[in-house]
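Dropping run37.txt in here (compact mmCIF, C-alpha atoms and all ligand atoms):
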# COMPACT_ATOMS: atom_id res chain seq x y z
CA MET A 1 -10.79 29.58 -39.53
CA GLU A 2 -9.15 26.97 -41.72
CA LYS A 3 -7.34 24.23 -39.88
CA ASN A 4 -3.57 24.22 -40.30
CA SER A 5 -3.16 20.60 -41.34
CA ASN A 6 0.65 20.77 -41.13
CA PHE A 7 0.57 20.95 -37.38
CA GLU A 8 -2.42 18.97 -36.33
CA SER A 9 -2.56 17.90 -32.75
CA PRO A 10 -1.70 15.28 -31.70
CA LEU A 11 1.31 15.01 -33.98
CA THR A 12 1.33 11.57 -35.63
CA PHE A 13 3.53 9.63 -38.03
CA LEU A 14 2.82 10.87 -41.55
CA ASN A 15 -0.28 12.74 -40.31
CA LEU A 16 -2.08 9.39 -39.95
CA PRO A 17 -4.93 8.92 -37.50
CA LEU A 18 -3.96 8.09 -33.92
CA SER A 19 -5.70 4.82 -33.14
CA THR A 20 -5.39 1.48 -31.39
CA ASP A 21 -8.35 -0.03 -33.20
CA PHE A 22 -6.18 -2.78 -34.67
CA GLU A 23 -9.18 -4.86 -35.76
CA ARG A 24 -9.88 -2.31 -38.44
CA ALA A 25 -6.30 -1.37 -39.29
CA ASP A 26 -4.07 -3.23 -41.75
CA VAL A 27 -0.87 -1.62 -40.49
CA ALA A 28 -0.02 0.08 -37.19
CA ILE A 29 3.02 2.29 -36.69
CA LEU A 30 4.33 2.03 -33.16
CA GLY A 31 6.97 4.20 -31.46
CA ILE A 32 9.34 2.41 -29.08
CA PRO A 33 11.16 5.11 -27.08
CA TYR A 34 13.67 2.85 -25.34
CA ASP A 35 17.43 3.47 -25.44
CA CYS A 36 18.81 1.86 -22.28
CA ALA A 37 20.52 -1.22 -23.64
CA ARG A 38 23.73 0.73 -23.11
CA ASP A 39 24.99 2.40 -26.22
CA MET A 40 28.59 2.92 -25.29
CA ILE A 41 28.91 6.60 -26.11
CA ARG A 42 25.91 8.18 -27.79
CA PHE A 43 22.43 7.81 -26.34
CA GLY A 44 19.16 9.56 -27.11
CA SER A 45 17.24 7.30 -29.48
CA ARG A 46 14.39 7.28 -26.97
CA GLN A 47 13.60 10.63 -28.59
CA GLY A 48 13.61 9.05 -32.07
CA PRO A 49 9.89 8.31 -32.46
CA ASN A 50 8.73 11.83 -31.70
CA ALA A 51 11.48 13.43 -33.81
CA ILE A 52 10.47 11.21 -36.73
CA ARG A 53 6.80 12.12 -36.21
CA HIS A 54 7.79 15.75 -36.49
CA ALA A 55 10.02 15.13 -39.52
CA SER A 56 7.24 13.16 -41.18
CA ILE A 57 4.89 16.12 -41.53
CA LEU A 58 6.22 16.75 -45.03
CA THR A 59 6.47 13.06 -45.92
CA GLY A 60 2.87 12.61 -44.78
CA LYS A 61 1.67 15.22 -47.22
CA LEU A 62 3.68 13.69 -50.06
CA ILE A 63 2.52 10.13 -49.40
CA LYS A 64 -1.11 11.19 -49.81
CA ASP A 65 -0.40 12.33 -53.35
CA ALA A 66 1.89 9.46 -54.30
CA SER A 67 0.71 7.24 -57.08
CA PRO A 68 0.24 4.52 -56.11
CA SER A 69 -0.10 5.56 -52.47
CA PRO A 70 -0.11 2.91 -49.75
CA LEU A 71 -2.90 4.96 -48.17
CA ASP A 72 -5.19 4.01 -51.07
CA ARG A 73 -5.01 0.30 -50.34
CA LEU A 74 -4.13 0.03 -46.65
CA ASN A 75 -5.77 1.31 -43.48
CA ILE A 76 -2.74 2.62 -41.58
CA VAL A 77 -2.77 4.10 -38.06
CA ASP A 78 -0.31 5.61 -35.62
CA ALA A 79 -0.61 3.53 -32.44
CA GLY A 80 1.37 6.00 -30.32
CA ASN A 81 4.41 5.07 -28.25
CA VAL A 82 4.83 2.03 -26.04
CA ARG A 83 4.53 3.05 -22.40
CA LEU A 84 7.63 1.50 -20.95
CA SER A 85 9.98 1.43 -18.02
CA LEU A 86 13.38 2.90 -18.82
CA GLU A 87 14.79 1.65 -15.52
CA ASP A 88 14.31 -2.07 -15.95
CA ILE A 89 15.23 -3.79 -19.20
CA SER A 90 13.26 -6.98 -18.59
CA GLN A 91 10.15 -4.99 -17.75
CA ALA A 92 10.66 -2.80 -20.81
CA PHE A 93 11.04 -5.90 -23.01
CA THR A 94 7.79 -7.31 -21.59
CA GLN A 95 6.00 -4.03 -22.26
CA ILE A 96 7.30 -3.86 -25.84
CA GLU A 97 6.40 -7.50 -26.52
CA SER A 98 2.93 -7.00 -25.16
CA ALA A 99 2.32 -3.80 -27.19
CA MET A 100 3.47 -5.68 -30.30
CA SER A 101 1.24 -8.66 -29.53
CA GLU A 102 -1.81 -6.37 -29.25
CA ILE A 103 -1.20 -5.39 -32.87
CA ILE A 104 -0.11 -8.75 -34.26
CA CYS A 105 -2.89 -10.83 -32.73
CA ARG A 106 -5.43 -8.74 -34.64
CA ASP A 107 -3.75 -9.56 -37.96
CA CYS A 108 -2.39 -6.05 -38.22
CA ILE A 109 1.21 -5.55 -39.43
CA PRO A 110 3.46 -3.63 -37.02
CA VAL A 111 5.85 -1.02 -38.39
CA THR A 112 7.97 0.20 -35.51
CA VAL A 113 10.25 3.13 -34.87
CA GLY A 114 12.93 2.91 -32.17
CA GLY A 115 14.57 3.32 -29.86
CA ASP A 116 17.89 1.53 -29.94
CA GLY A 117 18.54 -1.81 -31.58
CA ALA A 118 17.70 -3.74 -28.41
CA VAL A 119 14.00 -3.17 -29.08
CA SER A 120 14.12 -5.67 -31.94
CA LEU A 121 14.35 -8.65 -29.57
CA PRO A 122 10.97 -8.25 -27.80
CA GLN A 123 9.46 -7.53 -31.22
CA MET A 124 10.84 -10.81 -32.55
CA ARG A 125 9.48 -12.66 -29.50
CA ALA A 126 6.00 -11.31 -30.24
CA LEU A 127 6.28 -12.09 -33.96
CA HIS A 128 7.38 -15.65 -33.19
CA LYS A 129 4.32 -16.28 -31.02
CA LYS A 130 2.10 -15.48 -33.98
CA HIS A 131 4.10 -16.74 -36.96
CA GLY A 132 6.51 -19.37 -35.61
CA GLN A 133 10.03 -19.20 -36.99
CA PHE A 134 10.49 -16.42 -39.53
CA ALA A 135 13.35 -14.97 -41.58
CA VAL A 136 15.17 -11.73 -40.81
CA VAL A 137 16.70 -9.15 -43.13
CA HIS A 138 18.87 -7.03 -40.85
CA ILE A 139 20.24 -3.92 -42.54
CA ASP A 140 22.91 -2.41 -40.31
CA ALA A 141 26.60 -1.46 -40.14
CA HIS A 142 26.84 -4.08 -37.36
CA THR A 143 25.57 -7.62 -36.97
CA ASP A 144 24.25 -7.01 -33.44
CA ALA A 145 24.98 -10.70 -33.02
CA TRP A 146 27.79 -10.58 -30.50
CA PRO A 147 28.31 -13.39 -28.01
CA VAL A 148 26.23 -13.03 -24.85
CA ALA A 149 28.17 -12.00 -21.73
CA ALA A 150 27.19 -13.71 -18.50
CA ASP A 151 27.16 -10.55 -16.42
CA ILE A 152 25.24 -8.34 -18.90
CA PRO A 153 23.09 -10.73 -20.93
CA PHE A 154 20.94 -8.26 -22.88
CA THR A 155 22.45 -5.33 -24.81
CA ASN A 156 21.81 -3.48 -28.05
CA ALA A 157 24.59 -5.50 -29.69
CA ASN A 158 23.36 -9.05 -29.17
CA GLN A 159 19.64 -9.13 -29.97
CA PHE A 160 20.27 -11.28 -33.03
CA THR A 161 22.23 -13.76 -30.95
CA HIS A 162 19.30 -14.10 -28.57
CA ALA A 163 16.96 -14.49 -31.53
CA VAL A 164 18.93 -17.59 -32.52
CA ASN A 165 19.32 -18.93 -28.98
CA GLU A 166 15.59 -18.55 -28.38
CA THR A 167 14.92 -20.26 -31.77
CA LEU A 168 12.74 -17.34 -32.87
CA ILE A 169 14.08 -17.16 -36.40
CA ASN A 170 14.95 -19.41 -39.31
CA ILE A 171 18.69 -18.88 -39.49
CA ASP A 172 19.05 -20.60 -42.87
CA HIS A 173 17.02 -17.83 -44.48
CA SER A 174 18.24 -14.83 -42.51
CA LEU A 175 20.95 -12.31 -43.29
CA HIS A 176 22.76 -9.16 -42.23
CA ILE A 177 23.57 -6.52 -44.81
CA GLY A 178 25.93 -3.57 -44.63
CA THR A 179 28.54 -4.65 -42.10
CA ARG A 180 31.71 -2.64 -41.81
CA GLY A 181 33.98 -1.10 -39.25
CA PRO A 182 37.50 -1.26 -37.98
CA VAL A 183 38.42 -2.94 -34.71
CA ASN A 184 36.63 -6.00 -33.36
CA ALA A 185 34.28 -6.21 -36.31
CA ASN A 186 35.79 -9.46 -37.57
CA ALA A 187 35.06 -11.31 -34.34
CA ALA A 188 31.45 -10.15 -34.37
CA ILE A 189 31.01 -11.10 -38.01
CA LYS A 190 32.55 -14.53 -37.45
CA HIS A 191 30.23 -15.15 -34.50
CA ALA A 192 27.20 -14.28 -36.63
CA GLN A 193 28.40 -16.55 -39.43
CA ASP A 194 29.16 -19.39 -37.01
CA MET A 195 25.53 -19.20 -35.87
CA GLY A 196 24.42 -19.58 -39.48
CA TYR A 197 23.65 -16.03 -40.57
CA GLU A 198 24.71 -14.90 -44.00
CA VAL A 199 26.65 -11.65 -43.69
CA ILE A 200 26.89 -9.30 -46.67
CA SER A 201 29.47 -6.59 -46.04
CA ILE A 202 29.04 -3.07 -47.33
CA GLU A 203 31.91 -3.75 -49.75
CA GLN A 204 29.99 -6.66 -51.24
CA TYR A 205 26.84 -4.54 -51.30
CA PHE A 206 28.59 -1.88 -53.38
CA LYS A 207 30.25 -4.46 -55.60
CA TRP A 208 27.03 -6.32 -56.38
CA GLY A 209 24.80 -3.29 -56.78
CA ILE A 210 21.16 -3.02 -55.84
CA GLU A 211 19.71 -5.35 -58.47
CA LYS A 212 21.88 -8.32 -57.56
CA ILE A 213 21.52 -7.68 -53.82
CA VAL A 214 17.75 -7.57 -54.06
CA GLY A 215 17.63 -10.74 -56.17
CA HIS A 216 19.87 -12.46 -53.66
CA ILE A 217 17.70 -11.41 -50.70
CA GLN A 218 14.51 -12.54 -52.40
CA GLN A 219 16.13 -15.92 -53.06
CA ARG A 220 17.48 -16.28 -49.53
CA ILE A 221 14.11 -15.44 -47.92
CA ASN A 222 12.29 -17.84 -50.21
CA ASN A 223 8.71 -16.71 -49.38
CA LEU A 224 9.09 -17.23 -45.65
CA PRO A 225 7.45 -14.68 -43.37
CA VAL A 226 10.12 -12.02 -42.94
CA PHE A 227 10.95 -9.28 -40.43
CA ILE A 228 12.83 -6.33 -41.88
CA CYS A 229 15.05 -4.54 -39.40
CA TYR A 230 16.61 -1.30 -40.53
CA ASP A 231 19.27 0.30 -38.32
CA MET A 232 19.83 3.87 -39.47
CA ASP A 233 23.60 3.47 -39.06
CA PHE A 234 23.51 1.46 -42.30
CA PHE A 235 23.84 4.91 -43.85
CA ASP A 236 27.03 6.90 -44.01
CA PRO A 237 27.26 9.25 -41.01
CA ALA A 238 28.32 12.10 -43.29
CA MET A 239 24.73 12.08 -44.54
CA VAL A 240 22.96 10.51 -41.57
CA PRO A 241 24.77 11.61 -38.40
CA GLY A 242 21.91 11.11 -35.94
CA VAL A 243 22.63 7.52 -34.92
CA ALA A 244 24.12 5.85 -31.88
CA THR A 245 27.08 4.18 -33.56
CA PRO A 246 28.12 6.24 -36.59
CA THR A 247 30.34 4.08 -38.79
CA PRO A 248 31.92 5.69 -41.85
CA GLY A 249 31.74 4.05 -45.24
CA GLY A 250 28.00 3.42 -45.38
CA ALA A 251 25.22 3.67 -47.94
CA THR A 252 23.63 6.79 -49.35
CA PRO A 253 19.96 7.56 -48.74
CA ALA A 254 19.23 6.76 -52.42
CA GLU A 255 20.78 3.31 -52.00
CA GLY A 256 18.85 2.65 -48.81
CA ILE A 257 15.55 3.69 -50.33
CA ALA A 258 16.22 1.49 -53.37
CA LEU A 259 16.93 -1.43 -51.05
CA MET A 260 13.65 -0.93 -49.18
CA ARG A 261 11.74 -0.77 -52.48
CA GLY A 262 13.52 -3.90 -53.65
CA LEU A 263 12.01 -5.90 -50.80
CA LYS A 264 8.51 -5.54 -52.24
CA GLY A 265 6.88 -8.88 -52.84
CA LEU A 266 8.29 -10.51 -49.73
CA ASN A 267 5.88 -11.87 -47.13
CA ILE A 268 6.61 -9.07 -44.66
CA ILE A 269 5.34 -9.54 -41.09
CA GLY A 270 6.99 -6.46 -39.58
CA ILE A 271 9.33 -3.57 -40.27
CA ASP A 272 11.56 -1.99 -37.63
CA ILE A 273 13.41 1.29 -38.23
CA ASN A 274 15.63 2.02 -35.26
CA THR A 275 18.47 4.05 -33.69
CA THR A 276 17.62 7.55 -34.91
CA THR A 277 19.09 9.84 -32.25
CA PRO A 278 17.87 13.45 -32.53
CA LEU A 279 20.56 14.75 -30.16
CA HIS A 280 23.14 14.07 -32.88
CA ASP A 281 20.97 15.13 -35.78
CA PRO A 282 21.37 18.91 -35.93
CA ALA A 283 19.73 19.50 -39.31
CA GLY A 284 17.17 16.73 -38.88
CA ALA A 285 18.48 14.79 -41.90
CA SER A 286 18.42 11.45 -40.09
CA ALA A 287 14.87 11.84 -38.81
CA ASN A 288 13.82 13.01 -42.26
CA LEU A 289 15.34 9.93 -43.89
CA ALA A 290 13.80 7.66 -41.23
CA ALA A 291 10.39 9.20 -42.01
CA THR A 292 11.01 8.61 -45.71
CA LEU A 293 12.00 5.00 -45.12
CA LEU A 294 8.88 4.59 -43.03
CA ALA A 295 6.78 5.76 -45.99
CA GLU A 296 8.76 3.52 -48.36
CA GLY A 297 8.24 0.62 -45.96
CA LEU A 298 4.48 1.16 -46.09
CA GLY A 299 4.74 1.18 -49.88
CA ILE A 300 6.06 -2.41 -49.98
CA LEU A 301 3.45 -3.89 -47.64
CA GLY A 302 0.34 -5.76 -48.63
MN MN A 401 24.26 -0.69 -35.91

As a first step, turn the structure in this file into structure tokens.
Amino acid sequence: MEKNSNFESPLTFLNLPLSTDFERADVAILGIPYDCARDMIRFGSRQGPNAIRHASILTGKLIKDASPSPLDRLNIVDAGNVRLSLEDISQAFTQIESAMSEIICRDCIPVTVGGDGAVSLPQMRALHKKHGQFAVVHIDAHTDAWPVAADIPFTNANQFTHAVNETLINIDHSLHIGTRGPVNANAAIKHAQDMGYEVISIEQYFKWGIEKIVGHIQQRINNLPVFICYDMDFFDPAMVPGVATPTPGGATPAEGIALMRGLKGLNIIGIDINTTTPLHDPAGASANLAATLLAEGLGILG
């Protein structure tokens, strides 16, 4: 009987082989099912990686036939999900950092799928150990660079503050893109700018258009090793509702895909696509777009 390749078991990202043989792989996709850094209202991104695996069945078939296809020039594997403790954030961070380091130390590029935005911090710690200070392109409705509170030091809204405090990144070449929102947003944006980040609001993004934005990013990064962090709430929640912090006024999928493509040519050391929350994604549009961005991300590597 012919094998039904649409539903192979185990289910993997884009139907890629499940493997942790990072010596032989150029790129490893890693699921990070952690969502306990306290999203205020909507949780559930721990289910993101598996929902995106499921959504990527179709994308996986398309990517094989794409021309050029990243599969023709890169050996890409699905490394499974990080086994982590949901109860203890510091333990979870250690587990995420260590899973990342396993990949990075074998000169394999990690492409990760969250999980909430907090998972970016242990990833950046691992990347720093290998590459030293690197640049960040953070694409998100929010800076996630809030001041650190003494009583709750680590949240999913301050990972980019910690990245600066821990001197993981080169702030002069890093930027946030897509910021918007009503109350409190100005204080968060000012804090990010005071630390040295460039912040490009969604209004500026729309005003400049994709060509100018991409040119600006390429100039700002200036050939430094760069970590691309894509929070799915960059998109408008009318089109991408399955996120933790839906913030109206965002980008369309076409604009987000064009932005990812525009980052080709950068010295990319990691891509992180986070905050897809299947509980709030009734038609699967958000997981589908995350799977598409994953494929587009692979297309700009190497
Ligand atoms: Mn966000």

Given a cut-off of 8 Å, what residues near ligand MN 401 (chain A) show up using only C-alpha atoms and all ligand atoms, put as an NGL selection string? :A and (117 or 140-144 or 157 or 231-234 or 244-246 or 275)

Around the point (28.8, -15.4, -37.0) (coordinates from the file), which residues reach within 12 Å if we count all atoms listed in the file? Answer as a ChimeraX atom specification. /A:142-147,158,160-161,164,171,174-176,179,185-200

File dump, residues just selected, C-alpha atoms, as a short mmCIF file (atom, residue, chain, number, x, y, z; two decimals), in the frame of the given file:
data_model
loop_
_atom_site.label_atom_id
_atom_site.label_comp_id
_atom_site.auth_asym_id
_atom_site.auth_seq_id
_atom_site.Cartn_x
_atom_site.Cartn_y
_atom_site.Cartn_z
CA HIS A 142 26.84 -4.08 -37.36
CA THR A 143 25.57 -7.62 -36.97
CA ASP A 144 24.25 -7.01 -33.44
CA ALA A 145 24.98 -10.70 -33.02
CA TRP A 146 27.79 -10.58 -30.50
CA PRO A 147 28.31 -13.39 -28.01
CA ASN A 158 23.36 -9.05 -29.17
CA PHE A 160 20.27 -11.28 -33.03
CA THR A 161 22.23 -13.76 -30.95
CA VAL A 164 18.93 -17.59 -32.52
CA ILE A 171 18.69 -18.88 -39.49
CA SER A 174 18.24 -14.83 -42.51
CA LEU A 175 20.95 -12.31 -43.29
CA HIS A 176 22.76 -9.16 -42.23
CA THR A 179 28.54 -4.65 -42.10
CA ALA A 185 34.28 -6.21 -36.31
CA ASN A 186 35.79 -9.46 -37.57
CA ALA A 187 35.06 -11.31 -34.34
CA ALA A 188 31.45 -10.15 -34.37
CA ILE A 189 31.01 -11.10 -38.01
CA LYS A 190 32.55 -14.53 -37.45
CA HIS A 191 30.23 -15.15 -34.50
CA ALA A 192 27.20 -14.28 -36.63
CA GLN A 193 28.40 -16.55 -39.43
CA ASP A 194 29.16 -19.39 -37.01
CA MET A 195 25.53 -19.20 -35.87
CA GLY A 196 24.42 -19.58 -39.48
CA TYR A 197 23.65 -16.03 -40.57
CA GLU A 198 24.71 -14.90 -44.00
CA VAL A 199 26.65 -11.65 -43.69
CA ILE A 200 26.89 -9.30 -46.67
#

Closest-contact table, segment 101-170 of chain A side, partner segment 59-77 of chain A, 10 Å, counting only C-alpha atoms, as a tab-separated table:
residue	atom	partner	partner_atom	distance
A:Cys108	CA	A:Ile76	CA	9.3
A:Ile109	CA	A:Ile76	CA	9.3
A:Pro110	CA	A:Ile76	CA	9.9
A:Val111	CA	A:Ile76	CA	9.9

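Between Glu97 of chain A and the candidates A:Asn50, A:Thr277, A:Asn288, A:Gln123, the tightest atom-to-atom separation, counting all atoms listed in the file, involves A:Gln123.
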
Using only C-alpha atoms, determine which residues lie at most 8 Å from His128 of chain A, disregarding the query and same-chain residues fewer than 6 positions distant; provide the list as a JSON list (two decimals) with C-alpha atoms, in the frame of the given file.
[["chain", "number", "residue", "atom", "x", "y", "z"],
["A", 134, "PHE", "CA", 10.49, -16.42, -39.53],
["A", 168, "LEU", "CA", 12.74, -17.34, -32.87],
["A", 169, "ILE", "CA", 14.08, -17.16, -36.40]]

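Within the 9 Å cut-off around Val148 of chain A, using all atoms listed in the file and omitting residues fewer than 4 positions from it on the same chain, the listed residues are Ile152, Pro153, Phe154, Thr155, Asn158, Thr161 and His162 of chain A.
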
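For the pair atom CA of Pro10 of chain A and atom CA of Arg53 of chain A, the separation is 10.1 Å.
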
Excluding same-chain residues fewer than 6 positions from Pro49 of chain A, what lies within 12 Å of it counting all atoms listed in the file, as a short mmCIF file (atom, residue, chain, number, x, y, z; two decimals) with C-alpha atoms, keeping the file's coordinate frame?
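And here's selection.cif as it stands now:
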data_model
loop_
_atom_site.label_atom_id
_atom_site.label_comp_id
_atom_site.auth_asym_id
_atom_site.auth_seq_id
_atom_site.Cartn_x
_atom_site.Cartn_y
_atom_site.Cartn_z
CA LEU A 11 1.31 15.01 -33.98
CA THR A 12 1.33 11.57 -35.63
CA PHE A 13 3.53 9.63 -38.03
CA LEU A 14 2.82 10.87 -41.55
CA ILE A 29 3.02 2.29 -36.69
CA LEU A 30 4.33 2.03 -33.16
CA GLY A 31 6.97 4.20 -31.46
CA ILE A 32 9.34 2.41 -29.08
CA PRO A 33 11.16 5.11 -27.08
CA TYR A 34 13.67 2.85 -25.34
CA ASP A 35 17.43 3.47 -25.44
CA ALA A 55 10.02 15.13 -39.52
CA SER A 56 7.24 13.16 -41.18
CA ASP A 78 -0.31 5.61 -35.62
CA ALA A 79 -0.61 3.53 -32.44
CA GLY A 80 1.37 6.00 -30.32
CA ASN A 81 4.41 5.07 -28.25
CA VAL A 82 4.83 2.03 -26.04
CA VAL A 111 5.85 -1.02 -38.39
CA THR A 112 7.97 0.20 -35.51
CA VAL A 113 10.25 3.13 -34.87
CA GLY A 114 12.93 2.91 -32.17
CA GLY A 115 14.57 3.32 -29.86
CA ASP A 116 17.89 1.53 -29.94
CA ASP A 272 11.56 -1.99 -37.63
CA ILE A 273 13.41 1.29 -38.23
CA ASN A 274 15.63 2.02 -35.26
CA THR A 275 18.47 4.05 -33.69
CA THR A 276 17.62 7.55 -34.91
CA THR A 277 19.09 9.84 -32.25
CA PRO A 278 17.87 13.45 -32.53
CA SER A 286 18.42 11.45 -40.09
CA ALA A 287 14.87 11.84 -38.81
CA ASN A 288 13.82 13.01 -42.26
CA ALA A 290 13.80 7.66 -41.23
CA ALA A 291 10.39 9.20 -42.01
CA LEU A 294 8.88 4.59 -43.03
#

From the list A:His138, A:Arg106, A:His216, A:Lys130, which residue is nearest Val27 of chain A when using all atoms listed in the file?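 Of A:His138, A:Arg106, A:His216, A:Lys130, the one nearest Val27 of chain A is A:Arg106, counting all atoms listed in the file.
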
List as a PyMOL selection string the residues having at least one atom at most 8 Å from position (3.3, -0.5, -51.1) as given in the file, counting only C-alpha atoms. chain A and resi 68-70+264+296-302

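As for atom CA of Glu23 of chain A and atom CA of Leu263 of chain A, they are spaced 26.0 Å apart.
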
What separation in Å, quoted to one decimal, exists between atom CA of Ile96 of chain A and atom CA of Ile271 of chain A?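 Calculated distance between atom CA of Ile96 of chain A and atom CA of Ile271 of chain A is 14.6 Å.
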
Just checking: using all atoms listed in the file, which residue out of A:Leu289, A:Leu86, A:Val226, A:Ala149 ends up closest to Met124 of chain A?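 Counting all atoms listed in the file, the residue closest to Met124 of chain A is A:Val226.
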
Could you check the closest approach to Ala163 of chain A for each of A:His54, A:Arg125, A:His131, A:Arg38 and tell me which residue wins, using only C-alpha atoms? A:Arg125

Asn267 of chain A proximity check over A:Ala238, A:Leu293, A:Val214, A:Val136, using only C-alpha atoms: winner is A:Val136

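When only C-alpha atoms are used to measure the gap to Lys212 of chain A, the shortest distance among A:Leu259, A:Ala126, A:His173, A:Ile52 belongs to A:Leu259.
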
Return the padded bounding box of segment 195-209 of chain A as lines of an AutoDock Vina configuration file: axis-aligned, built from all atoms listed in the file, 5 Å added on each side, with centre and edge lengths in Å to one decimal.
center_x = 27.8
center_y = -10.7
center_z = -46.3
size_x = 18.3
size_y = 27.7
size_z = 30.9

Reconstruct N, CA and C atoms of segment 175-190 of chain A from the incomplete input and present them as a short mmCIF file (atom, residue, chain, number, x, y, z; two decimals), in the coordinates of the input.
data_model
loop_
_atom_site.label_atom_id
_atom_site.label_comp_id
_atom_site.auth_asym_id
_atom_site.auth_seq_id
_atom_site.Cartn_x
_atom_site.Cartn_y
_atom_site.Cartn_z
N LEU A 175 19.67 -12.91 -42.93
CA LEU A 175 20.95 -12.31 -43.29
C LEU A 175 21.10 -10.89 -42.75
N HIS A 176 22.37 -10.52 -42.60
CA HIS A 176 22.76 -9.16 -42.23
C HIS A 176 23.38 -8.50 -43.46
N ILE A 177 23.05 -7.24 -43.64
CA ILE A 177 23.57 -6.52 -44.81
C ILE A 177 24.16 -5.19 -44.38
N GLY A 178 25.37 -4.90 -44.84
CA GLY A 178 25.93 -3.57 -44.63
C GLY A 178 27.06 -3.49 -43.62
N THR A 179 27.55 -4.65 -43.17
CA THR A 179 28.54 -4.65 -42.10
C THR A 179 29.85 -3.99 -42.53
N ARG A 180 30.43 -3.30 -41.58
CA ARG A 180 31.71 -2.64 -41.81
C ARG A 180 32.27 -2.22 -40.46
N GLY A 181 33.43 -1.61 -40.49
CA GLY A 181 33.98 -1.10 -39.25
C GLY A 181 35.36 -1.63 -39.00
N PRO A 182 36.11 -0.88 -38.20
CA PRO A 182 37.50 -1.26 -37.98
C PRO A 182 37.67 -2.34 -36.90
N VAL A 183 38.05 -1.97 -35.74
CA VAL A 183 38.42 -2.94 -34.71
C VAL A 183 37.25 -3.82 -34.29
N ASN A 184 37.58 -5.05 -33.94
CA ASN A 184 36.63 -6.00 -33.36
C ASN A 184 35.55 -6.50 -34.31
N ALA A 185 35.39 -5.84 -35.45
CA ALA A 185 34.28 -6.21 -36.31
C ALA A 185 34.41 -7.66 -36.79
N ASN A 186 35.63 -8.11 -37.03
CA ASN A 186 35.79 -9.46 -37.57
C ASN A 186 35.28 -10.52 -36.61
N ALA A 187 35.53 -10.33 -35.33
CA ALA A 187 35.06 -11.31 -34.34
C ALA A 187 33.54 -11.36 -34.32
N ALA A 188 32.91 -10.20 -34.40
CA ALA A 188 31.45 -10.15 -34.37
C ALA A 188 30.87 -10.79 -35.62
N ILE A 189 31.51 -10.53 -36.75
CA ILE A 189 31.01 -11.10 -38.01
C ILE A 189 31.17 -12.62 -38.00
N LYS A 190 32.31 -13.08 -37.50
CA LYS A 190 32.55 -14.53 -37.45
C LYS A 190 31.51 -15.20 -36.54
#
